[in-house]
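Comments concern the structure below.
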Amino acid sequence: MRPRSIAVQETQSDKTPNTWVWTHAYIAYSNKKRSKKKTDNPQPQKLIIALRGDLVLPVSRQTLKAVLVDGRNEPTVTWEITSDHLTALMQQAVDELRAIRSTPQNDEVNTIPELNDCDYLPYRDEHETAQFVADGPSSRVKKLRATDKVDCKICPEKDIRIDKMRKHVGAHILCSFRKVIDMEPLRVEIGQDPCGWCGLEGCWTRLSTKKRGGIQISSNCPYHHAKLVYNDARQFIPREPCTNVPVRCPLCPADGTGERPTVWKYNAMGHIEAFHADPADERGLPDIPEDFRVEIFVSKVEEKALGIPEEKTVEFREEYEVQNSSDIEDVKEYLRDDNLKR
């Protein structure tokens, strides 16, 4: 697919200063690497791109007659657009991107074609100065490799591999939620809904089901471990004790795609308390589906491996009516038997 954009030139007439006119030519560009062959006046082609309506901005233009444009020997009827209008549209586009930059809809921004080494854009005036250019918020988050090293955003520790950061941050999160003094001096306090990748609030992470089955994890967090093996990360093992992974909340309503909102496992009980409190229950907790209780259960062994004393684990379980490991195993067995009967 090779999208087309209209080519415009700055007008030279004293009667219409600071305006641009369409040259009746189209600009060829691609999201692939540019070909060495340059096409000066490509032919228009039909193209359909599906985008959200608020990402498409209408252009106000007027039709002019008898205007001389590049590549034509005689005056022709064309469109005129003012510089002020194009500047305002550029700023509106930047504002729109900034407004949705930190939401799951950021995935849809990625459908906008990204230009690579285009000779014709940005538009340039008669002095070859680039026009209508802004340093807007990037809609694409550069994904780091598993072996890349970064600094913790919560504590002073530095040079932590991306594939180890989830465990490191998970310990900070558990210490905060279990009311344990963290072993590291914190630069930032853990919030109510911390990101499992970086520990800060404000990032979004979303679980979705692939068309052919399987789980896909999308995130705008710069510390997102894109190569995480989800089913492995859910299982406790001594050398990788943190099982804090994104999970779907069964108490939240599904969205238009049929998917339920995503929460981090360690945040799940706080999420339930904040968004699904039951006024009829003296503790405010609703009925939680048994399979979800199993999914968000954190064993004492895991908590101990991440620096949580047993008494703090017990206090948390009593406060939120969390079963012990033996009870959870009974529930797992019951759910397995129930599935077999079906």
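Numbering starts fresh at 1 for the residues of each chain in the structure tokens, the chains themselves are lettered A, B, ... in the order given, and ligands are numbered from 1 as they appear.
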Contacts of stretch 282-320 of chain A with stretch 222-246 of chain A up to 10 Å, shortest pair per row, only C-alpha atoms, as JSON lines:
```
{"residue": "A:Glu295", "atom": "CA", "partner": "A:Arg234", "partner_atom": "CA", "distance": 8.7}
{"residue": "A:Ile296", "atom": "CA", "partner": "A:Asn244", "partner_atom": "CA", "distance": 8.6}
{"residue": "A:Phe297", "atom": "CA", "partner": "A:Thr243", "partner_atom": "CA", "distance": 9.5}
{"residue": "A:Val298", "atom": "CA", "partner": "A:Thr243", "partner_atom": "CA", "distance": 7.9}
{"residue": "A:Ser299", "atom": "CA", "partner": "A:Phe236", "partner_atom": "CA", "distance": 8.8}
{"residue": "A:Val301", "atom": "CA", "partner": "A:Pro241", "partner_atom": "CA", "distance": 8.5}
{"residue": "A:Glu302", "atom": "CA", "partner": "A:Pro241", "partner_atom": "CA", "distance": 5.6}
{"residue": "A:Glu303", "atom": "CA", "partner": "A:Pro241", "partner_atom": "CA", "distance": 8.4}
{"residue": "A:Lys304", "atom": "CA", "partner": "A:Pro241", "partner_atom": "CA", "distance": 9.4}
{"residue": "A:Ala305", "atom": "CA", "partner": "A:Pro241", "partner_atom": "CA", "distance": 6.5}
{"residue": "A:Leu306", "atom": "CA", "partner": "A:Pro241", "partner_atom": "CA", "distance": 7.4}
```
What does the file look like for those residues with N, CA and C atoms, as a PDB file, in the first residue's frame?
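Output (part28.pdb):
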```
ATOM      1  N   GLU A 295      -6.270 -17.141  40.188  1.00  0.00           N
ATOM      2  CA  GLU A 295      -5.374 -16.443  39.257  1.00  0.00           C
ATOM      3  C   GLU A 295      -4.548 -15.359  39.943  1.00  0.00           C
ATOM      4  N   ILE A 296      -5.126 -14.687  40.952  1.00  0.00           N
ATOM      5  CA  ILE A 296      -4.411 -13.573  41.586  1.00  0.00           C
ATOM      6  C   ILE A 296      -3.783 -13.968  42.921  1.00  0.00           C
ATOM      7  N   PHE A 297      -3.831 -15.252  43.245  1.00  0.00           N
ATOM      8  CA  PHE A 297      -3.260 -15.715  44.512  1.00  0.00           C
ATOM      9  C   PHE A 297      -1.734 -15.612  44.493  1.00  0.00           C
ATOM     10  N   VAL A 298      -1.161 -15.113  45.603  1.00  0.00           N
ATOM     11  CA  VAL A 298       0.290 -15.004  45.751  1.00  0.00           C
ATOM     12  C   VAL A 298       0.692 -15.868  46.945  1.00  0.00           C
ATOM     13  N   SER A 299       1.544 -16.844  46.719  1.00  0.00           N
ATOM     14  CA  SER A 299       1.926 -17.772  47.780  1.00  0.00           C
ATOM     15  C   SER A 299       2.866 -17.103  48.788  1.00  0.00           C
ATOM     16  N   VAL A 301       5.580 -18.413  49.796  1.00  0.00           N
ATOM     17  CA  VAL A 301       6.939 -18.629  49.298  1.00  0.00           C
ATOM     18  C   VAL A 301       7.343 -17.495  48.361  1.00  0.00           C
ATOM     19  N   GLU A 302       6.426 -17.094  47.492  1.00  0.00           N
ATOM     20  CA  GLU A 302       6.711 -15.991  46.572  1.00  0.00           C
ATOM     21  C   GLU A 302       6.910 -14.689  47.331  1.00  0.00           C
ATOM     22  N   GLU A 303       6.023 -14.429  48.284  1.00  0.00           N
ATOM     23  CA  GLU A 303       6.145 -13.184  49.034  1.00  0.00           C
ATOM     24  C   GLU A 303       7.444 -13.151  49.835  1.00  0.00           C
ATOM     25  N   LYS A 304       7.821 -14.284  50.421  1.00  0.00           N
ATOM     26  CA  LYS A 304       9.077 -14.349  51.174  1.00  0.00           C
ATOM     27  C   LYS A 304      10.265 -14.088  50.260  1.00  0.00           C
ATOM     28  N   ALA A 305      10.232 -14.645  49.045  1.00  0.00           N
ATOM     29  CA  ALA A 305      11.320 -14.450  48.089  1.00  0.00           C
ATOM     30  C   ALA A 305      11.463 -12.989  47.678  1.00  0.00           C
ATOM     31  N   LEU A 306      10.380 -12.238  47.783  1.00  0.00           N
ATOM     32  CA  LEU A 306      10.394 -10.823  47.405  1.00  0.00           C
ATOM     33  C   LEU A 306      10.500  -9.907  48.628  1.00  0.00           C
TER      34      LEU A 306
END
```
> What's the 6 Å shell around stretch 216-218 of chain A, counting only C-alpha atoms, without same-chain residues fewer than 2 positions away, as a list in words?
Replying inline: Thr205, Arg206, Leu207 and Ser208 of chain A
Let me see the file: selected residues, all heavy atoms, as a tab-separated table (two decimals), in the first residue's frame.
```tsv
chain	number	residue	atom	x	y	z
A	205	THR	N	-1.42	-1.05	30.25
A	205	THR	CA	-1.05	-2.36	29.71
A	205	THR	C	-2.34	-3.11	29.45
A	205	THR	O	-3.26	-3.07	30.28
A	205	THR	CB	-0.15	-3.13	30.69
A	205	THR	OG1	1.09	-2.44	30.82
A	205	THR	CG2	0.13	-4.54	30.19
A	206	ARG	N	-2.41	-3.80	28.32
A	206	ARG	CA	-3.68	-4.43	27.92
A	206	ARG	C	-3.44	-5.84	27.42
A	206	ARG	O	-2.55	-6.09	26.60
A	206	ARG	CB	-4.34	-3.59	26.83
A	206	ARG	CG	-5.71	-4.10	26.37
A	206	ARG	CD	-6.34	-3.09	25.42
A	206	ARG	NE	-7.69	-3.46	25.05
A	206	ARG	CZ	-8.01	-4.10	23.92
A	206	ARG	NH1	-7.06	-4.43	23.07
A	206	ARG	NH2	-9.26	-4.39	23.65
A	207	LEU	N	-4.25	-6.76	27.94
A	207	LEU	CA	-4.26	-8.14	27.44
A	207	LEU	C	-5.31	-8.25	26.36
A	207	LEU	O	-6.43	-7.76	26.51
A	207	LEU	CB	-4.61	-9.11	28.56
A	207	LEU	CG	-3.53	-9.58	29.54
A	207	LEU	CD1	-4.13	-10.62	30.48
A	207	LEU	CD2	-2.35	-10.15	28.82
A	208	SER	N	-4.96	-8.91	25.28
A	208	SER	CA	-5.95	-9.17	24.24
A	208	SER	C	-5.70	-10.57	23.68
A	208	SER	O	-4.62	-11.13	23.82
A	208	SER	CB	-5.87	-8.12	23.13
A	208	SER	OG	-4.57	-8.07	22.58
```
>> as a PyMOL selection string, please: the residues near A:Asp159 (cut-off 10 Å, only C-alpha atoms, same-chain neighbours under 2 positions excluded).
In response: chain A and resi 148-152+157+161-162+165
>> I need the residues of stretch 154-288 of chain A that end up classed as strand (DSSP E or B) by DSSP on the backbone, written out as a PyMOL selection string.
In response: chain A and resi 160-161+205-209+215-219+237+240+246-248+262-264
> Closest to A:Ala146 among A:Arg166, A:His276, A:His172, A:Lys210, using only C-alpha atoms?
Replying inline: A:Arg166
>> Could you check the closest approach to A:Pro261 for each of A:Ile288, A:Ala274, A:Val180, A:Val247 and tell me which residue wins, using only C-alpha atoms?
In response: A:Val247
